[in-house]
Amino acid sequence: MEIPKTYEPQKVENKWYQHWLEKNYFHSEPDEREPYTIMIPPPNVTGVLHMGHILNNTIQDVLIRRARMQGKNACWVPGTDHASIATEAKVVKKLMDEGIKKSDLTRDEFMEHAWEWTNKHGGIILDQLKKLGASCDWERTAFTLDDDYSESVIDVFIDLFKKGKIYRGTRMINWDPIAKTSVSDEEVIHKEVNSKLYNVRYQIEGTDDFLTIATTRPETILGDTAICINPNDIRYVGLAGKKAIIPIVNRSIPIIEDEYVDMEFGTGCLKITPAHDVNDYEIGKRHKLETIDILNADGTLNDNGLHLKGMDRFEARKVFAKELEEKGFLVKVEDHINKLGFSERTDAVIEPRLSMQWFVDMKELSKPALDNVMDGNIKFYPDNIKNTYRHWMENIKDWNISRQLWWGHRIPAWYYGDGENDFVVAKTQEEAIQLASEKTGKNLNANQVKQDEDVLDTWFSSWLWPIANFGGIKDPKSKEIQYYYPTNDLVTAPEIMFFWVARMIIAGYEYLGEKPFSNVYYTGIVRDKLGRKMSKSLGNSPDPIKLMEEYGADGVRVGMLLTAPAGNDLPFDTSQVEQGRNFINKIWNAFRLVSSWDIADIEQPNSSKIAVDWFESKLNQTLTDINDQFDKYRISDALMLSYKLIWDDFCSWYLELIKPEYQQPIDAKTKEQTIVFFEKLMRIIHPFAPFVSEEIWHLLRERKEGEDIIVTEWANVGEINKQIINDFEIASEIISGIRNVRKQNNLANKKAIDLGIVKSKNHPQKMDDLIIKMGNIKSLSYIDDKMNNSFSFIVKNSSYFIPFDDTIDIDAEKAKIEEELKYSQGFLKSVQKKLGNERFVNNAPESVVNAEKKKQADAIETIKILEGKLANLK
RNA sequence: GGGCUCUUAGCUCAGCUGGUUCAGAGCACCUGCCUUACAAGCAGGGGGUCACUGGUUCGAAUCCAGUAGGGCCCACCA
């Protein structure tokens, strides 16, 4: 078979992915083995893969593949989220482009369009994940609007309602005038914006005096129902109880007192619009004020907007301000920076709005969720993110779960009258009719019992993700939930900690009395190299599919993880993916080298024996470190260790050491050992680079049916000989020394040289054959005294001499040695200063003092050697 | 406004409970090499007064305080 000079991922990746699928390796069923479960953070069903997904899912795949190799029953459950508001917005926009208005459709008609859209675009993202190599159990692919799943969602709603944890009530909520729905507090993003502060004067009724208020939203003056001052404000003594006249509107409103008013801000005079401001609403309640709502659901003014009726709120602001000015009510306009709430999904300016909604009472529910994270029962990586979590949990507010949308789980509440309590909560209409009939004592029919028009917040379904997907809501004792729950790791973005992570933990304790996962790994945000978040609108995100086509999935995976510690943002640049690809190619070429060797019945060279012994220990030691990094969820460190093990230790040292001359055969023993090493390395790298490792695994040896790397055992740690690792390190320093001398003096690498050694006890004599091979040494000899006319360097107090055959620059050589000498003398001085310090000797632990003493002795010896060399040069 | 967090080579980051003259990695950089596994490469090399100031200590990148500058989360000042 022809082996290509560079690795060709396109030819390999799909082949292996199909193979894995055919062998059903990704599928999991409960059995005797220890389960290892990850639930994918379900992407939006109509979403497309972006770089954030690549990062997130690569990490999950690395974890799941390693667990699978460790003999655990690995189960990675994939799926998608119906993403109520986001998807509905997309469908509405698509219809709009076709000239269809949502308001012209019935609910059923709209749903048909939505499903059509979902079926067309749904799951694209899951196919894209396959390109990445994601080893998800596709048979378990879930969707939050699946029948079973939906039933669990509704069951939970009914259950929480029965427990009194869900209630319906009129509250100030966040209103999104574009999507025309309420949204939860978490879906509101506060941003600083430049705005204007309008100072407007109101006449005090029955006088010619005026009060001046400050407002950023003059159009809400139309809904004013009071003017409020601080009772301690001496400027306004005696005004309380009087009335003020709203300019233009000419309505008379009371002047009230409340300590809420900040005397320092603006004029110290506050207009109260209970319908359009959260604080005003609270004040209105305290003072039993009237509430005048001036807005429609879409943000235009309603009948209460008088002559501005039908105008958009922002247009109305301009027009009304102008009118105030023309009529002399506008005192002044100041620039003002304030924070506005924007809808996470539509970016609409959020309108505080009084409305009847459904809420979950979070106080009690959240307690175990807080405790179990704080005491480490659920671990967060990075750990310090716990503080943010705690802060939110300790100040948790009730959760508005109703949305005025159609795409989602319809709220199972049924109304039989207009009264606030004229409803029942039931799974089906029949049941609702029965309940309602019992409640009212009347015989109600289907026309009289109507279901709530609203749907539930998306997160009210996804908070059940780890439970509902194993049937844990319907039957907490079922085999599946008992086996897979609690799951092991969750890999997600910190942005959705409150939306999702916290709520899954809450649901977990409420429904199973147990955490949903043991570890939460928070990834950072993928940014471009200018530090901007990657986004479609900025156009700064590469297309991951193209990236994988160009660099290979393995290359993308490796490049992505190379610099991605948990919680850290990741400034992404294609050069990283290049690095990943180069690494994969390096592996490929190492394989090409090994596979090119013919075996012959020759003796194993001593240098090969040493190399094999050394690499075995080195590999095992590094593997220990890699395992350790994995245990700490330091994924990029585990990768970097593997990277260096393969590139530096295996390729640059081991292979260079054992490789025979061109087209010469190798001894069977060394080749077999090398293949064994290679196999072990492929197992180590497999979670990161699944495709190339599988490919090479099969090219290294004939494999039987089912002998695939994906299901082989994770490499075990063998014996580690620390001495040999240590000796090799010294030997490699000596070799570097030789190469350095060569480079600086233009001695060709091809030309064999002599090496004289004045040895200290540190010189690893056992490594001599290795030094001879790597240093291209003609003859190596031990000498008692310095060698004349030679280049020299020192490693661990041994001196190494390379005689020169031509004239060389003695002054330069001298200067070099003098510099070394100066350094050593300075070092000795500092050590001696330390040892001369009584307080150091008395206070520092003995081991530290002894280490200093050894340093002193070594330094003295080094200086002696250097002085000798210097004398010799003259 | 409250809370959390960060500041170490050009870039991205390690550096555990203070102890190898004030320090590491990858990438980038510089210098040689197209040396038959690999130029997507090989070999060699340079580069940091560990943000600043003060304190604790025999000893601090590492602990404490303050200053400056980033970042994140939360919050109803019109």
# chains A, B, ... in the order shown; residues from 1 in each chain; ligands from 1

$ interface_residues --of "chain A" --to "chain B" --cutoff "7 Å" --atoms "only C-alpha atoms (C1' of nucleotides)" --output "MDAnalysis selection string"
chainID A and resid 214:215 270 278:279 387:388 563 582 585:586 589:590 592:593 740 743 826:827 830 837 839:840 843 848

$ select_by_dssp --residues "stretch 160-209 of chain A" --states "helix (DSSP H, G or I)" --output "PyMOL selection string"
chain A and resi 160-162+185-187

$ residues_around --residues "stretch 344-353 of chain A" --least-positions-apart "5" --cutoff "8 Å" --atoms "only C-alpha atoms (C1' of nucleotides)" --output "VMD selection string"
chain A and resid 85 to 86 89 171 to 179 187 to 189 275 to 278

$ residues_around --residues "stretch 647-650 of chain A" --least-positions-apart "3" --cutoff "9 Å" --atoms "only C-alpha atoms (C1' of nucleotides)" --output "MDAnalysis selection string"
chainID A and resid 583 586:587 590 615 618:619 642:644 653:656 677:678

$ residues_around --residues "B:A65" --least-positions-apart "4" --cutoff "12 Å" --atoms "only C-alpha atoms (C1' of nucleotides)" --output "list in words"
U53, G54, G55 and U56 of chain B

$ write_last_selection --atoms "all heavy atoms" --output "compact mmCIF listing (two decimals), in the first residue's frame"
# COMPACT_ATOMS: atom_id res chain seq x y z
P U B 53 7.60 49.77 42.40
OP1 U B 53 8.79 50.63 42.21
OP2 U B 53 7.74 48.30 42.46
O5' U B 53 6.84 50.25 43.72
C5' U B 53 6.60 51.63 43.95
C4' U B 53 5.81 51.82 45.22
O4' U B 53 4.49 51.23 45.06
C3' U B 53 6.36 51.11 46.45
O3' U B 53 7.42 51.84 47.06
C2' U B 53 5.13 51.05 47.34
O2' U B 53 4.88 52.27 47.99
C1' U B 53 4.03 50.77 46.32
N1 U B 53 3.72 49.32 46.22
C2 U B 53 2.85 48.80 47.16
O2 U B 53 2.34 49.48 48.03
N3 U B 53 2.59 47.45 47.03
C4 U B 53 3.11 46.60 46.08
O4 U B 53 2.78 45.41 46.10
C5 U B 53 4.01 47.21 45.15
C6 U B 53 4.28 48.52 45.24
P G B 54 8.51 51.02 47.91
OP1 G B 54 9.51 52.01 48.36
OP2 G B 54 8.94 49.83 47.15
O5' G B 54 7.68 50.53 49.18
C5' G B 54 7.47 51.40 50.28
C4' G B 54 6.42 50.84 51.21
O4' G B 54 5.29 50.36 50.42
C3' G B 54 6.80 49.63 52.03
O3' G B 54 7.61 49.95 53.14
C2' G B 54 5.43 49.13 52.46
O2' G B 54 4.87 49.93 53.48
C1' G B 54 4.63 49.34 51.17
N9 G B 54 4.61 48.10 50.39
C8 G B 54 5.31 47.79 49.24
N7 G B 54 5.08 46.57 48.80
C5 G B 54 4.18 46.04 49.72
C6 G B 54 3.58 44.77 49.79
O6 G B 54 3.70 43.80 49.02
N1 G B 54 2.73 44.65 50.89
C2 G B 54 2.50 45.64 51.81
N2 G B 54 1.67 45.35 52.81
N3 G B 54 3.06 46.85 51.76
C4 G B 54 3.88 46.97 50.70
P G B 55 8.56 48.79 53.77
OP1 G B 55 9.35 49.41 54.85
OP2 G B 55 9.22 48.08 52.66
O5' G B 55 7.48 47.80 54.41
C5' G B 55 6.74 48.20 55.56
C4' G B 55 5.76 47.12 55.94
O4' G B 55 4.99 46.75 54.77
C3' G B 55 6.36 45.80 56.40
O3' G B 55 6.76 45.85 57.75
C2' G B 55 5.20 44.84 56.18
O2' G B 55 4.24 44.94 57.22
C1' G B 55 4.59 45.38 54.89
N9 G B 55 5.05 44.64 53.71
C8 G B 55 5.92 45.06 52.72
N7 G B 55 6.13 44.15 51.81
C5 G B 55 5.35 43.07 52.19
C6 G B 55 5.17 41.79 51.60
O6 G B 55 5.67 41.36 50.56
N1 G B 55 4.30 41.00 52.33
C2 G B 55 3.68 41.39 53.50
N2 G B 55 2.89 40.48 54.07
N3 G B 55 3.84 42.57 54.07
C4 G B 55 4.68 43.36 53.37
P U B 56 7.92 44.88 58.29
OP1 U B 56 8.21 45.23 59.70
OP2 U B 56 9.00 44.87 57.28
O5' U B 56 7.19 43.46 58.25
C5' U B 56 6.15 43.16 59.17
C4' U B 56 5.71 41.73 58.99
O4' U B 56 5.13 41.57 57.66
C3' U B 56 6.83 40.71 59.01
O3' U B 56 7.17 40.36 60.35
C2' U B 56 6.20 39.54 58.25
O2' U B 56 5.31 38.81 59.06
C1' U B 56 5.42 40.28 57.17
N1 U B 56 6.20 40.43 55.92
C2 U B 56 6.21 39.35 55.05
O2 U B 56 5.62 38.31 55.28
N3 U B 56 6.95 39.53 53.91
C4 U B 56 7.66 40.67 53.56
O4 U B 56 8.27 40.68 52.51
C5 U B 56 7.59 41.73 54.52
C6 U B 56 6.89 41.58 55.63

$ atom_distance --atom1 "atom CA of A:Lys704" --atom2 "atom CA of A:Glu13"
20.3 Å

$ atom_distance --atom1 "atom CA of A:Ser343" --atom2 "atom CA of A:Trp465"
24.6 Å

$ closest_residue --among "B:A39, B:C50, B:A68, B:C34" --to "B:A9" --atoms "only C-alpha atoms (C1' of nucleotides)"
B:C50

$ atom_distance --atom1 "atom CA of A:Val741" --atom2 "atom CA of A:Pro605"
26.7 Å
